[in-house]
Each structure stands twice: as structure tokens, then as C-alpha cells.
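Structure data follow from work00.txt (compact mmCIF, C-alpha atoms):
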```txt
# COMPACT_ATOMS: atom_id res chain seq x y z
CA SER W 1 65.16 38.05 101.59
CA THR W 2 66.94 40.84 103.49
CA GLN W 3 70.72 40.75 103.12
CA SER W 4 72.24 43.75 101.34
CA THR W 5 75.33 45.62 102.52
CA TRP W 6 74.00 48.85 104.02
CA GLY W 7 76.21 50.39 106.69
CA HIS W 8 74.73 53.89 106.87
CA PRO W 9 72.44 54.43 109.90
CA ASN W 10 69.78 56.10 107.73
CA THR W 11 69.66 52.99 105.55
CA LEU W 12 69.29 50.73 108.59
CA ASP W 13 66.46 52.93 109.87
CA ALA W 14 64.72 52.72 106.50
CA VAL W 15 65.02 48.93 106.45
CA ALA W 16 63.72 48.76 110.02
CA ARG W 17 60.64 50.75 108.99
CA THR W 18 60.15 48.44 106.01
CA LEU W 19 60.27 45.37 108.24
CA GLN W 20 57.73 46.92 110.58
CA LYS W 21 55.37 47.62 107.66
CA LEU W 22 55.82 44.09 106.30
CA ARG W 23 55.02 42.62 109.69
CA THR W 24 51.97 44.84 110.17
CA SER W 25 50.70 44.01 106.69
CA ALA W 26 51.21 40.26 107.16
CA SER W 27 49.45 40.35 110.52
CA ALA W 28 46.51 42.37 109.22
CA SER W 29 45.97 40.13 106.21
CA LYS W 30 46.73 36.94 108.16
CA SER W 31 48.85 35.91 105.18
CA THR W 32 51.88 33.64 105.17
CA ARG W 33 55.00 35.54 104.13
CA PRO W 34 58.36 33.91 104.83
CA LEU W 35 61.28 36.26 105.38
CA VAL W 36 64.95 35.28 105.26
CA ILE W 37 67.37 37.68 106.94
CA ASP W 38 71.11 37.46 106.20
CA ALA W 39 74.27 39.60 106.27
CA ASP W 40 73.65 43.23 107.33
CA GLY W 41 70.05 42.31 108.05
CA LEU W 42 71.41 40.23 110.92
CA PHE W 43 73.37 43.23 112.19
CA LEU W 44 70.13 45.21 112.24
CA VAL W 45 68.37 42.43 114.18
CA SER W 46 71.24 42.35 116.69
CA GLN W 47 70.71 46.08 117.24
CA ARG W 48 66.90 45.85 117.34
CA PRO W 49 65.80 42.28 118.13
CA GLU W 50 62.23 43.47 118.74
CA LEU W 51 61.86 43.80 114.96
CA VAL W 52 61.60 40.02 114.61
CA HIS W 53 60.65 38.89 118.11
CA GLY W 54 57.71 36.50 117.88
CA TRP W 55 57.64 36.68 114.06
CA GLU W 56 57.54 32.94 113.39
CA ASP W 57 57.79 33.22 109.60
CA VAL W 58 61.36 34.58 109.90
CA ILE W 59 64.54 32.59 109.19
CA LEU W 60 67.88 34.01 110.33
CA THR W 61 71.09 32.70 108.71
CA PRO W 62 74.05 33.79 110.88
CA ASN W 63 77.66 32.71 110.55
CA LYS W 64 79.72 32.18 113.70
CA VAL W 65 80.42 35.89 114.34
CA GLU W 66 76.87 36.94 113.53
CA LEU W 67 75.54 34.21 115.83
CA GLN W 68 77.65 35.55 118.69
CA ARG W 69 76.36 39.08 118.04
CA LEU W 70 72.74 37.92 118.07
CA CYS W 71 73.30 35.96 121.27
CA ALA W 72 74.79 38.99 122.96
CA ALA W 73 71.75 41.06 121.99
CA VAL W 74 69.34 38.77 123.86
CA GLN W 75 71.65 37.54 126.66
CA VAL W 76 72.12 34.00 125.36
CA SER W 77 75.45 32.28 126.00
CA PRO W 78 76.98 31.63 122.54
CA ALA W 79 78.28 28.23 121.51
CA MET W 80 82.03 27.73 121.83
CA ASP W 81 82.02 24.28 120.23
CA HIS W 82 80.78 24.15 116.61
CA SER W 83 82.00 20.62 115.91
CA GLU W 84 79.85 17.77 114.62
CA GLY W 85 77.46 16.44 117.24
CA SER W 86 78.11 19.39 119.55
CA GLU W 87 75.33 19.87 122.07
CA ASP W 88 76.69 23.40 122.60
CA ILE W 89 75.68 24.68 119.16
CA GLU W 90 72.35 22.85 119.37
CA ARG W 91 71.64 24.48 122.74
CA THR W 92 72.58 27.90 121.39
CA VAL W 93 70.29 27.61 118.36
CA MET W 94 67.31 26.57 120.46
CA GLU W 95 67.92 29.14 123.22
CA LEU W 96 68.39 31.94 120.68
CA SER W 97 65.20 30.94 118.92
CA LYS W 98 63.34 30.98 122.24
CA ALA W 99 64.77 34.38 123.17
CA LEU W 100 63.62 35.77 119.80
CA GLY W 101 60.13 34.33 120.09
CA ASN W 102 60.49 31.14 118.03
CA VAL W 103 62.10 32.44 114.84
CA THR W 104 64.03 29.78 112.91
CA ILE W 105 67.84 29.89 113.05
CA LEU W 106 70.25 28.39 110.52
CA ALA W 107 73.70 28.56 112.10
CA LYS W 108 76.18 28.42 109.21
CA GLY W 109 79.52 26.66 109.32
CA ARG W 110 81.13 23.34 108.46
CA LEU W 111 78.29 21.82 110.48
CA GLU W 112 75.06 23.68 109.78
CA THR W 113 72.48 23.45 112.53
CA VAL W 114 68.91 24.57 111.92
CA GLY W 115 66.19 24.89 114.50
CA ASN W 116 63.61 26.73 116.53
CA THR W 117 62.00 25.99 119.88
CA SER W 118 60.44 22.72 118.71
CA VAL W 119 62.63 21.33 115.90
CA LEU W 120 66.38 20.81 115.54
CA VAL W 121 68.06 19.57 112.34
CA SER W 122 71.76 19.10 111.57
CA VAL W 123 72.92 19.03 107.95
CA ASP W 124 75.39 16.24 107.13
CA PRO W 125 78.87 17.85 107.28
CA SER W 126 80.18 15.32 104.76
CA LEU W 127 78.23 17.22 102.11
CA GLY W 128 79.92 20.23 100.58
CA THR W 129 83.60 20.94 99.99
CA ARG W 130 86.71 22.09 101.83
CA ARG W 131 86.09 25.70 100.84
CA ARG W 132 83.19 28.08 100.40
CA CYS W 133 83.39 30.42 97.45
CA GLY W 134 82.39 34.06 97.62
CA GLY W 135 78.65 34.41 97.12
CA GLN W 136 77.79 30.95 98.41
CA GLY W 137 76.04 32.44 101.42
CA ASP W 138 73.98 34.66 99.11
CA LEU W 139 73.02 31.59 97.10
CA LEU W 140 71.97 29.84 100.32
CA ALA W 141 69.80 32.79 101.40
CA GLY W 142 68.13 32.88 97.99
CA THR W 143 67.57 29.13 97.99
CA ILE W 144 65.99 29.22 101.44
CA SER W 145 63.75 32.08 100.27
CA THR W 146 62.64 30.09 97.21
CA PHE W 147 61.98 26.88 99.12
CA ALA W 148 60.17 28.80 101.88
CA CYS W 149 57.92 30.48 99.31
CA TRP W 150 57.08 27.07 97.86
CA ALA W 151 56.23 25.91 101.39
CA ALA W 152 54.09 29.02 101.90
CA LEU W 153 52.11 28.28 98.73
CA ARG W 154 51.61 24.71 99.89
CA ALA W 155 50.55 25.88 103.35
CA SER W 156 48.05 28.34 101.87
CA ALA W 157 46.58 25.69 99.57
CA ASP W 158 46.19 23.27 102.48
CA GLY W 159 44.80 25.88 104.88
CA LEU W 160 47.86 25.68 107.14
CA ARG W 161 50.19 28.19 108.73
CA LEU W 162 53.69 28.36 107.30
CA LYS W 163 55.26 27.22 110.57
CA ASP W 164 53.13 24.05 110.37
CA CYS W 165 55.04 23.11 107.20
CA GLY W 166 58.35 23.02 109.08
CA LEU W 167 60.50 26.08 108.37
CA ALA W 168 63.52 24.44 110.00
CA GLU W 169 63.20 21.45 107.69
CA VAL W 170 62.77 23.76 104.67
CA ALA W 171 65.97 25.63 105.56
CA ALA W 172 67.83 22.36 106.15
CA VAL W 173 66.81 21.05 102.72
CA ALA W 174 67.99 24.32 101.16
CA SER W 175 71.33 23.90 102.92
CA LEU W 176 71.59 20.33 101.64
CA PHE W 177 70.85 21.53 98.10
CA VAL W 178 73.50 24.28 98.17
CA ARG W 179 76.07 21.93 99.65
CA THR W 180 75.34 19.42 96.90
CA LEU W 181 75.75 22.23 94.36
CA SER W 182 79.16 23.08 95.79
CA GLN W 183 80.22 19.43 95.55
CA ALA W 184 79.18 19.33 91.90
CA ALA W 185 81.01 22.60 91.17
CA TRP W 186 84.12 21.29 92.95
CA ALA W 187 84.03 18.13 90.82
CA LYS W 188 84.18 20.27 87.68
CA ARG W 189 86.45 23.16 88.70
CA LYS W 190 88.18 22.12 91.94
CA ARG W 191 89.41 25.14 93.92
CA GLY W 192 88.70 27.39 90.96
CA TYR W 193 84.92 27.16 91.25
CA VAL W 194 82.92 30.34 91.87
CA ALA W 195 79.28 31.02 92.70
CA SER W 196 78.27 31.32 89.03
CA ASP W 197 79.50 27.75 88.49
CA MET W 198 77.08 26.63 91.20
CA VAL W 199 74.22 28.59 89.61
CA ASP W 200 74.89 26.93 86.26
CA LEU W 201 74.50 23.53 87.92
CA VAL W 202 71.14 24.28 89.60
CA PRO W 203 68.96 22.44 87.02
CA GLU W 204 71.23 19.37 86.94
CA VAL W 205 71.55 19.03 90.71
CA PHE W 206 67.88 19.76 91.35
CA GLN W 207 66.89 17.07 88.88
CA SER W 208 69.28 14.60 90.52
CA LEU W 209 67.75 15.19 93.95
CA TRP W 210 64.09 15.57 92.98
CA PRO W 211 63.59 13.86 89.60
CA ASP W 212 60.83 14.91 87.23
CA ASP W 213 60.14 12.18 84.70
CA GLY W 214 58.28 14.56 82.43
CA GLY W 215 54.91 12.98 83.07
CA GLU W 216 51.72 14.65 84.21
CA GLU W 217 52.45 14.04 87.87
CA ARG W 218 54.04 16.96 89.69
CA ALA W 219 57.68 16.41 90.57
CA GLN W 220 58.33 15.76 94.24
CA CYS W 221 59.84 19.13 95.12
CA PRO W 222 61.70 19.53 98.42
CA THR W 223 58.80 21.17 100.27
CA HIS W 224 56.14 18.64 99.22
```

Show the structure stored in the file as C-alpha cells.
Amino acid sequence: STQSTWGHPNTLDAVARTLQKLRTSASASKSTRPLVIDADGLFLVSQRPELVHGWEDVILTPNKVELQRLCAAVQVSPAMDHSEGSEDIERTVMELSKALGNVTILAKGRLETVGNTSVLVSVDPSLGTRRRCGGQGDLLAGTISTFACWAALRASADGLRLKDCGLAEVAAVASLFVRTLSQAAWAKRKRGYVASDMVDLVPEVFQSLWPDDGGEERAQCPTH
């Protein structure tokens, strides 16, 4: 997952070189390596979209401003309407994915829309709370990374490519999970909840969504 706060041009150049090496290594080994890019990583992509163009194992997680910046970088008209059921945000996600060579986009907001050139998923806006605490976006990026790695392991075991396991669906399930976490944290702390409250609830909420009865059978995890 690439998301730190960098700022300095030398740091951005170093990260760009790292991405290039990761991509070259993944291509040479024909391995499946999901990569989630958030925060300042998205700024770098908006400056150098060729870094991820055609890299189908990449998931970008822009907020509204970051989405507009990415759209401007590849001459896509950004969505003006982010409301539930908006065809504008759906069009933007799919057009941006196409312009970037079929990377997966999770457009964050009250309504989270996830998609690429072939799949479009909207996460139920009734999930979640009336506020997002600081660090919730970091938790989402980490959750997507974890779920995508599980999907990559499954893909490798089944002789599939990662994109065949549905990266958009993986990201959507991660969004659902984090939104459910925020609801649980709100129920306990109301407006006082912080990201660490959500982390503390991970085992409880995961078990509620994907129960493991303790038997020999593997629990039905979100990417299975």
C-alpha cells in the first residue's frame, strides 16, 4: 500500500522509481502483486499517470478532490454529482479506469463507487455513520490491501490472474467492512470514536460478517 505523506520532490522521485521497479519485477516474474495507492501516492499518479497505466493489479482510492486531480491528468470530465444512484460518478469511475488502462478505482465519499472498465459496484450508503474519523481512510487502504492479498493467494492457488478474482468486488467488500466497523464504533462511542476504536472492533465485526464456527472447515472469508 502506497499512501504516506511525502511532499518533497526527491521523495516523490524515489517512490516513482520504486513503483517502476515493482512493476518490472512483477512483470518479469509473472506474479500477482496487488498494489493499493492512496493519499500522496495519488498525487504522484496525477503527476505521472504512466506509472500505473495498464497495471491492472492497482487499486486507486481517491476522495473527491483527488478524483478531480486524477481526471484532469488524463483529460476525463470529473463527476459533479456524487449523490446516490448518480450516473455521473459511475461514468467518471469507468472513464478514468479506461484512461488509466483498466486500473480499479474506489471513489470515496458518502456513496463509495468502485469499478474498472468491466465492473461497477456501489457500496450501500446506509452503512457507516454521519462522520468519518481521522485515520479511517488509512484503515480502508490497509483493509483493501489485506483483502487483495488474500485474493492474490487464492488466484495463485487456482492458477488465475488477480484481476480474474474481481479487484473491484474485493475493494467494495473492504469498504463494506470498514463502514460496518465505523457503525460499531459509533454505537459504542458516538461522535467521540477514533480510528483505534475501529481497530479494536476488527475481530468482533469480522466474525459477525464472516463467522468461523471453530470447526475444521475454513471460514468463508470475504475473498473466497

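The space separating CA of Val123 (chain W) from CA of Val178 (chain W) comes to 11.1 Å.
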
Name the closest residue to Gly192 (chain W) among the candidates W:Arg161, W:Arg131, W:Asp13, W:Asp138; distances are taken between atoms, counting only C-alpha atoms.
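Ranking W:Arg161, W:Arg131, W:Asp13, W:Asp138 by distance to Gly192 (chain W), first place goes to W:Arg131.
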
Looking at W:Cys149, W:Val93, W:Thr180, W:Arg132, which one is nearest to Leu209 (chain W), with distances taken over only C-alpha atoms?
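Distance minimum relative to Leu209 (chain W) lands on W:Thr180.
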
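For the set W:Val121, W:Ala107, W:Ala184, W:Ala151, the residue with the smallest atom-to-atom gap to Cys71 (chain W) is W:Ala107, counting all atoms listed in the file.
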
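Interatomic distance, CA of Lys64 (chain W) to CA of Thr117 (chain W): 19.8 Å.
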
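What separates CA of Pro203 (chain W) from CA of Asp38 (chain W) is a distance of 24.5 Å.
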
Given all atoms listed in the file as the counted atoms, nearest of W:Val52, W:Val76, W:Leu111, W:Thr143 to Thr24 (chain W)
W:Val52

Give the answer as one residue: which of W:Gly135, W:Gly115, W:Gly166, W:Pro78 has the shortest atom-to-atom distance to Tyr193 (chain W), using all atoms listed in the file?
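Of all the options, W:Gly135 lies closest to Tyr193 (chain W).
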
Phe206 (chain W) environment, 12 Å, only C-alpha atoms, sequence neighbours closer than 5 positions dropped, as an MDAnalysis selection string:
chainID W and resid 143 173:174 176:181 184 198:201 211:212 219:222

Box for region 47-54 of chain W: with edges along x, y and z, all listed atoms inside and 4 Å added on each side, what are the centre and edge lengths in Å to one decimal, as lines of an AutoDock Vina configuration file?
```
center_x = 64.2
center_y = 41.3
center_z = 116.7
size_x = 21.0
size_y = 17.6
size_z = 12.1
```

For a quick check of understanding, using only C-alpha atoms, which of W:Lys108, W:Ala168, W:Arg69, W:Asn63 has the smallest distance to Pro34 (chain W)?
W:Ala168

Neighbours of Ser31 (chain W) within 10 Å (only C-alpha atoms; same-chain residues fewer than 3 positions away dropped), as a VMD selection string?
chain W and resid 25 to 28 34 152 156 161 to 162

Residues within 12 Å of Gly109 (chain W), please, as a PDB file with C-alpha atoms, in the frame of the given file. Count only C-alpha atoms; anything in the same chain fewer than 5 positions from it doesn't count.
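Result file follows (out.pdb):
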```pdb
ATOM      1  CA  THR W  61      71.090  32.700 108.710  1.00  0.00           C
ATOM      2  CA  PRO W  62      74.050  33.790 110.880  1.00  0.00           C
ATOM      3  CA  ASN W  63      77.660  32.710 110.550  1.00  0.00           C
ATOM      4  CA  LYS W  64      79.720  32.180 113.700  1.00  0.00           C
ATOM      5  CA  VAL W  65      80.420  35.890 114.340  1.00  0.00           C
ATOM      6  CA  GLU W  66      76.870  36.940 113.530  1.00  0.00           C
ATOM      7  CA  LEU W  67      75.540  34.210 115.830  1.00  0.00           C
ATOM      8  CA  ASP W  81      82.020  24.280 120.230  1.00  0.00           C
ATOM      9  CA  HIS W  82      80.780  24.150 116.610  1.00  0.00           C
ATOM     10  CA  SER W  83      82.000  20.620 115.910  1.00  0.00           C
ATOM     11  CA  GLU W  84      79.850  17.770 114.620  1.00  0.00           C
ATOM     12  CA  ILE W  89      75.680  24.680 119.160  1.00  0.00           C
ATOM     13  CA  VAL W 114      68.910  24.570 111.920  1.00  0.00           C
ATOM     14  CA  SER W 122      71.760  19.100 111.570  1.00  0.00           C
ATOM     15  CA  VAL W 123      72.920  19.030 107.950  1.00  0.00           C
ATOM     16  CA  ASP W 124      75.390  16.240 107.130  1.00  0.00           C
ATOM     17  CA  PRO W 125      78.870  17.850 107.280  1.00  0.00           C
ATOM     18  CA  LEU W 127      78.230  17.220 102.110  1.00  0.00           C
ATOM     19  CA  GLY W 128      79.920  20.230 100.580  1.00  0.00           C
ATOM     20  CA  THR W 129      83.600  20.940  99.990  1.00  0.00           C
ATOM     21  CA  ARG W 130      86.710  22.090 101.830  1.00  0.00           C
ATOM     22  CA  ARG W 131      86.090  25.700 100.840  1.00  0.00           C
ATOM     23  CA  ARG W 132      83.190  28.080 100.400  1.00  0.00           C
ATOM     24  CA  GLN W 136      77.790  30.950  98.410  1.00  0.00           C
ATOM     25  CA  GLY W 137      76.040  32.440 101.420  1.00  0.00           C
ATOM     26  CA  SER W 175      71.330  23.900 102.920  1.00  0.00           C
ATOM     27  CA  ARG W 179      76.070  21.930  99.650  1.00  0.00           C
TER      28      ARG W 179
END
```
